[in-house]
Every structure is written in structure tokens, then in C-alpha cells.
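The structure under discussion appears below in the form of C-alpha cells.
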Amino acid sequence: MSEWDKRSDQEWRERLTPEQYRVLRQEGTEHAGSNPLTLEKREGIYACAGCGQPLFTAAMKYESGTGWPSFFNVIEGAIATRSDLKLLLPRTEYHCAQCHGHQGHRFDDGPAPTGLRYCNNGVALTFLPAE
């Protein structure tokens, strides 16, 4: 069991903002267009806001027009997926592989070379600009 698995609900509430907690720990979704990371264009790394694990590079990001930060690939081993049937239609939900914080959903409508779109909640990410 990792240090992240041992954290209590109260410890998560103290570590995260209320909106981060709602998304990362309760699998919520932020409003489209509400996070400045959607428009971020600098080189750098997008990491999990819950634990800091790198999830995406800026080179994996693209403009999807959805209002959420979108990526066509993920850093190997950084996420875990599972089926989500909350909206009746099956979707693939993904979480940070380290702290299990909810990030978003993966769709099969992204650009080449993967054809995937990782539609991420911006509040679930921290951007680390390249130096």
C-alpha cells in the first residue's frame, strides 16, 4: 500500500481545494472552459494536482474545442483506466495511477497518431513549465 492509499478523507480535504477534492476524490467534472490550462501553450509537464505525478507532456496536448485540456497520449504508466457507466453509455474513465485521483475520460475521437482524446479536468492538473 502506497503513502497515497493511506491518506484519510480529511487529509485529502486539507491538501486540496474544494473543487479539486470534488473532481479528484469524488469523480466530479468542472465546467467546460472554466480552467486556464485549457488555453496553456507553453512547453512543460501536466502533473496530477493530487500527488504531482507527471501525466502528460505539452507535446501531447492539442486543441479539441471541448473546453477542457485534451491530450492524444499519456506518459507511460501514469494512468489507470476503468469502465464508467454513469451516463448509461460506456465510457473509459481514467485516474492517476499513483494517487487514484480522477482526471477525466478517454474517447476514441482524437487526432493521429493515437486517435485518442484524454479529456482532462484542468483543476485535476498542475502545470510545470519547462525551464
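Each chain in the C-alpha cells gets a letter, A, B and so on, in the order shown; residues start at 1 in every chain, and ligands are counted from 1 in the order they appear.
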Surrounding residues of Gln20 in chain A excluding itself and chain neighbours under 4 positions, 7 Å, only C-alpha atoms, as a VMD selection string: chain A and resid 16 24 123 to 124
Dump of N, CA and C atoms for the selected residues, as a PDB file, in the first residue's frame:
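The result, written out as out_27.pdb:
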ATOM      1  N   LEU A  16      -6.274  19.533  -0.743  1.00  0.00           N
ATOM      2  CA  LEU A  16      -6.868  20.013  -1.985  1.00  0.00           C
ATOM      3  C   LEU A  16      -7.841  21.161  -1.757  1.00  0.00           C
ATOM      4  N   LEU A  24     -11.130  15.270  -8.051  1.00  0.00           N
ATOM      5  CA  LEU A  24     -10.154  14.195  -7.849  1.00  0.00           C
ATOM      6  C   LEU A  24     -10.652  13.063  -6.955  1.00  0.00           C
ATOM      7  N   VAL A 123      -8.674  21.417 -13.309  1.00  0.00           N
ATOM      8  CA  VAL A 123      -8.463  21.557 -11.868  1.00  0.00           C
ATOM      9  C   VAL A 123      -7.742  20.341 -11.286  1.00  0.00           C
ATOM     10  N   ALA A 124      -7.760  19.222 -12.004  1.00  0.00           N
ATOM     11  CA  ALA A 124      -7.083  18.000 -11.554  1.00  0.00           C
ATOM     12  C   ALA A 124      -5.613  17.991 -11.950  1.00  0.00           C
TER      13      ALA A 124
END
Please list as a PDB file with N, CA and C atoms, in the first residue's frame every residue within 7 Å of His105 in chain A, counting only C-alpha atoms and excluding residues in the same chain fewer than 6 positions away.
ATOM      1  N   ARG A  91     -18.187   4.580 -21.045  1.00  0.00           N
ATOM      2  CA  ARG A  91     -17.054   5.479 -21.284  1.00  0.00           C
ATOM      3  C   ARG A  91     -15.857   4.899 -20.550  1.00  0.00           C
ATOM      4  N   THR A  92     -14.666   5.349 -20.955  1.00  0.00           N
ATOM      5  CA  THR A  92     -13.449   4.936 -20.265  1.00  0.00           C
ATOM      6  C   THR A  92     -12.998   6.081 -19.377  1.00  0.00           C
ATOM      7  N   GLU A  93     -13.044   5.850 -18.083  1.00  0.00           N
ATOM      8  CA  GLU A  93     -12.623   6.834 -17.091  1.00  0.00           C
ATOM      9  C   GLU A  93     -11.156   6.575 -16.771  1.00  0.00           C
ATOM     10  N   TYR A  94     -10.397   7.637 -16.526  1.00  0.00           N
ATOM     11  CA  TYR A  94      -9.008   7.407 -16.131  1.00  0.00           C
ATOM     12  C   TYR A  94      -8.658   8.209 -14.892  1.00  0.00           C
ATOM     13  N   TYR A 118      -7.766  12.238 -24.448  1.00  0.00           N
ATOM     14  CA  TYR A 118      -7.830  12.226 -22.993  1.00  0.00           C
ATOM     15  C   TYR A 118      -8.381  13.591 -22.594  1.00  0.00           C
ATOM     16  N   CYS A 119      -9.651  13.617 -22.226  1.00  0.00           N
ATOM     17  CA  CYS A 119     -10.347  14.856 -21.883  1.00  0.00           C
ATOM     18  C   CYS A 119     -10.225  15.043 -20.382  1.00  0.00           C
ATOM     19  N   ASN A 120      -9.390  16.002 -19.967  1.00  0.00           N
ATOM     20  CA  ASN A 120      -8.984  16.126 -18.576  1.00  0.00           C
ATOM     21  C   ASN A 120      -9.617  17.335 -17.903  1.00  0.00           C
TER      22      ASN A 120
END
Find the residues of range 49-73 of chain A that sit at most 8 Å from range 108-114 of chain A; for each, write down the nearest two atoms and how far apart they are in Å, to one decimal. Count only C-alpha atoms. Sort by chain, then by number going up, and give it as a tab-separated table.
residue	atom	partner	partner_atom	distance
A:Ser64	CA	A:Gly110	CA	7.9
A:Phe72	CA	A:Gly110	CA	6.0
A:Asn73	CA	A:Thr114	CA	6.9
Resulting file, chosen residues, C-alpha atoms, as a compact mmCIF listing (two decimals), in the first residue's frame:
# COMPACT_ATOMS: atom_id res chain seq x y z
CA SER A 64 -10.09 19.72 -29.06
CA PHE A 72 -3.74 12.49 -27.53
CA ASN A 73 -1.32 10.44 -25.44
Check the DSSP output for the backbone and give back, as a compact mmCIF listing (two decimals) with C-alpha atoms, in the first residue's frame, the residues of chain A in strand (DSSP E).
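Writing the result to selection_32.txt gives the following:
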# COMPACT_ATOMS: atom_id res chain seq x y z
CA GLY A 44 6.16 21.74 -19.86
CA ILE A 45 4.56 18.90 -17.95
CA TYR A 46 0.99 18.43 -16.79
CA ALA A 47 1.02 16.63 -13.45
CA CYS A 48 -1.69 15.31 -11.13
CA PRO A 54 3.58 13.66 -14.33
CA LEU A 55 0.72 12.57 -16.61
CA PHE A 56 1.18 14.41 -19.92
CA THR A 57 3.77 16.50 -21.75
CA LYS A 61 -1.72 18.41 -25.82
CA TYR A 62 -4.00 19.63 -28.58
CA SER A 70 -7.14 17.49 -24.13
CA PHE A 71 -4.25 15.17 -24.88
CA ILE A 79 -2.79 6.49 -15.52
CA ALA A 80 -5.17 3.62 -14.80
CA THR A 81 -8.49 3.17 -16.59
CA ARG A 82 -11.85 1.62 -15.85
CA SER A 83 -15.28 1.45 -17.42
CA ASP A 84 -17.75 4.18 -16.44
CA ARG A 91 -17.05 5.48 -21.28
CA THR A 92 -13.45 4.94 -20.26
CA GLU A 93 -12.62 6.83 -17.09
CA TYR A 94 -9.01 7.41 -16.13
CA HIS A 95 -7.28 8.15 -12.85
CA CYS A 96 -3.75 8.96 -11.75
CA HIS A 102 -9.99 11.14 -11.07
CA GLN A 103 -8.68 13.02 -14.11
CA GLY A 104 -11.30 12.60 -16.83
CA HIS A 105 -12.45 10.34 -19.66
CA ARG A 106 -10.77 8.89 -22.73
CA PHE A 107 -12.53 8.91 -26.09
CA ARG A 117 -8.63 12.09 -26.69
CA TYR A 118 -7.83 12.23 -22.99
CA CYS A 119 -10.35 14.86 -21.88
CA ASN A 120 -8.98 16.13 -18.58
CA LEU A 125 -3.80 19.13 -13.14
CA THR A 126 -0.81 21.22 -12.17
CA PHE A 127 1.25 22.72 -14.98
CA LEU A 128 5.03 22.68 -14.58
CA PRO A 129 6.58 24.96 -17.25
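In this model, the gap between CA of Val74 in chain A and CA of Gln10 in chain A comes to 29.7 Å.
The coordinates place CA of Ala58 in chain A at 19.3 Å from CA of Ser34 in chain A.
One distance worth recording is that between CA of Gly115 in chain A and CA of Trp68 in chain A, which is 17.2 Å.
Around Arg15 in chain A, within 12 Å and counting only C-alpha atoms, the residues found are Trp4, Arg7, Ser8, Asp9, Gln10, Glu11, Trp12, Arg13, Thr17, Pro18, Glu19, Gln20, Tyr21, Leu24, Arg25, Ala49, Gly50 and Cys51 of chain A, once anything fewer than 2 positions away on its own chain is removed.
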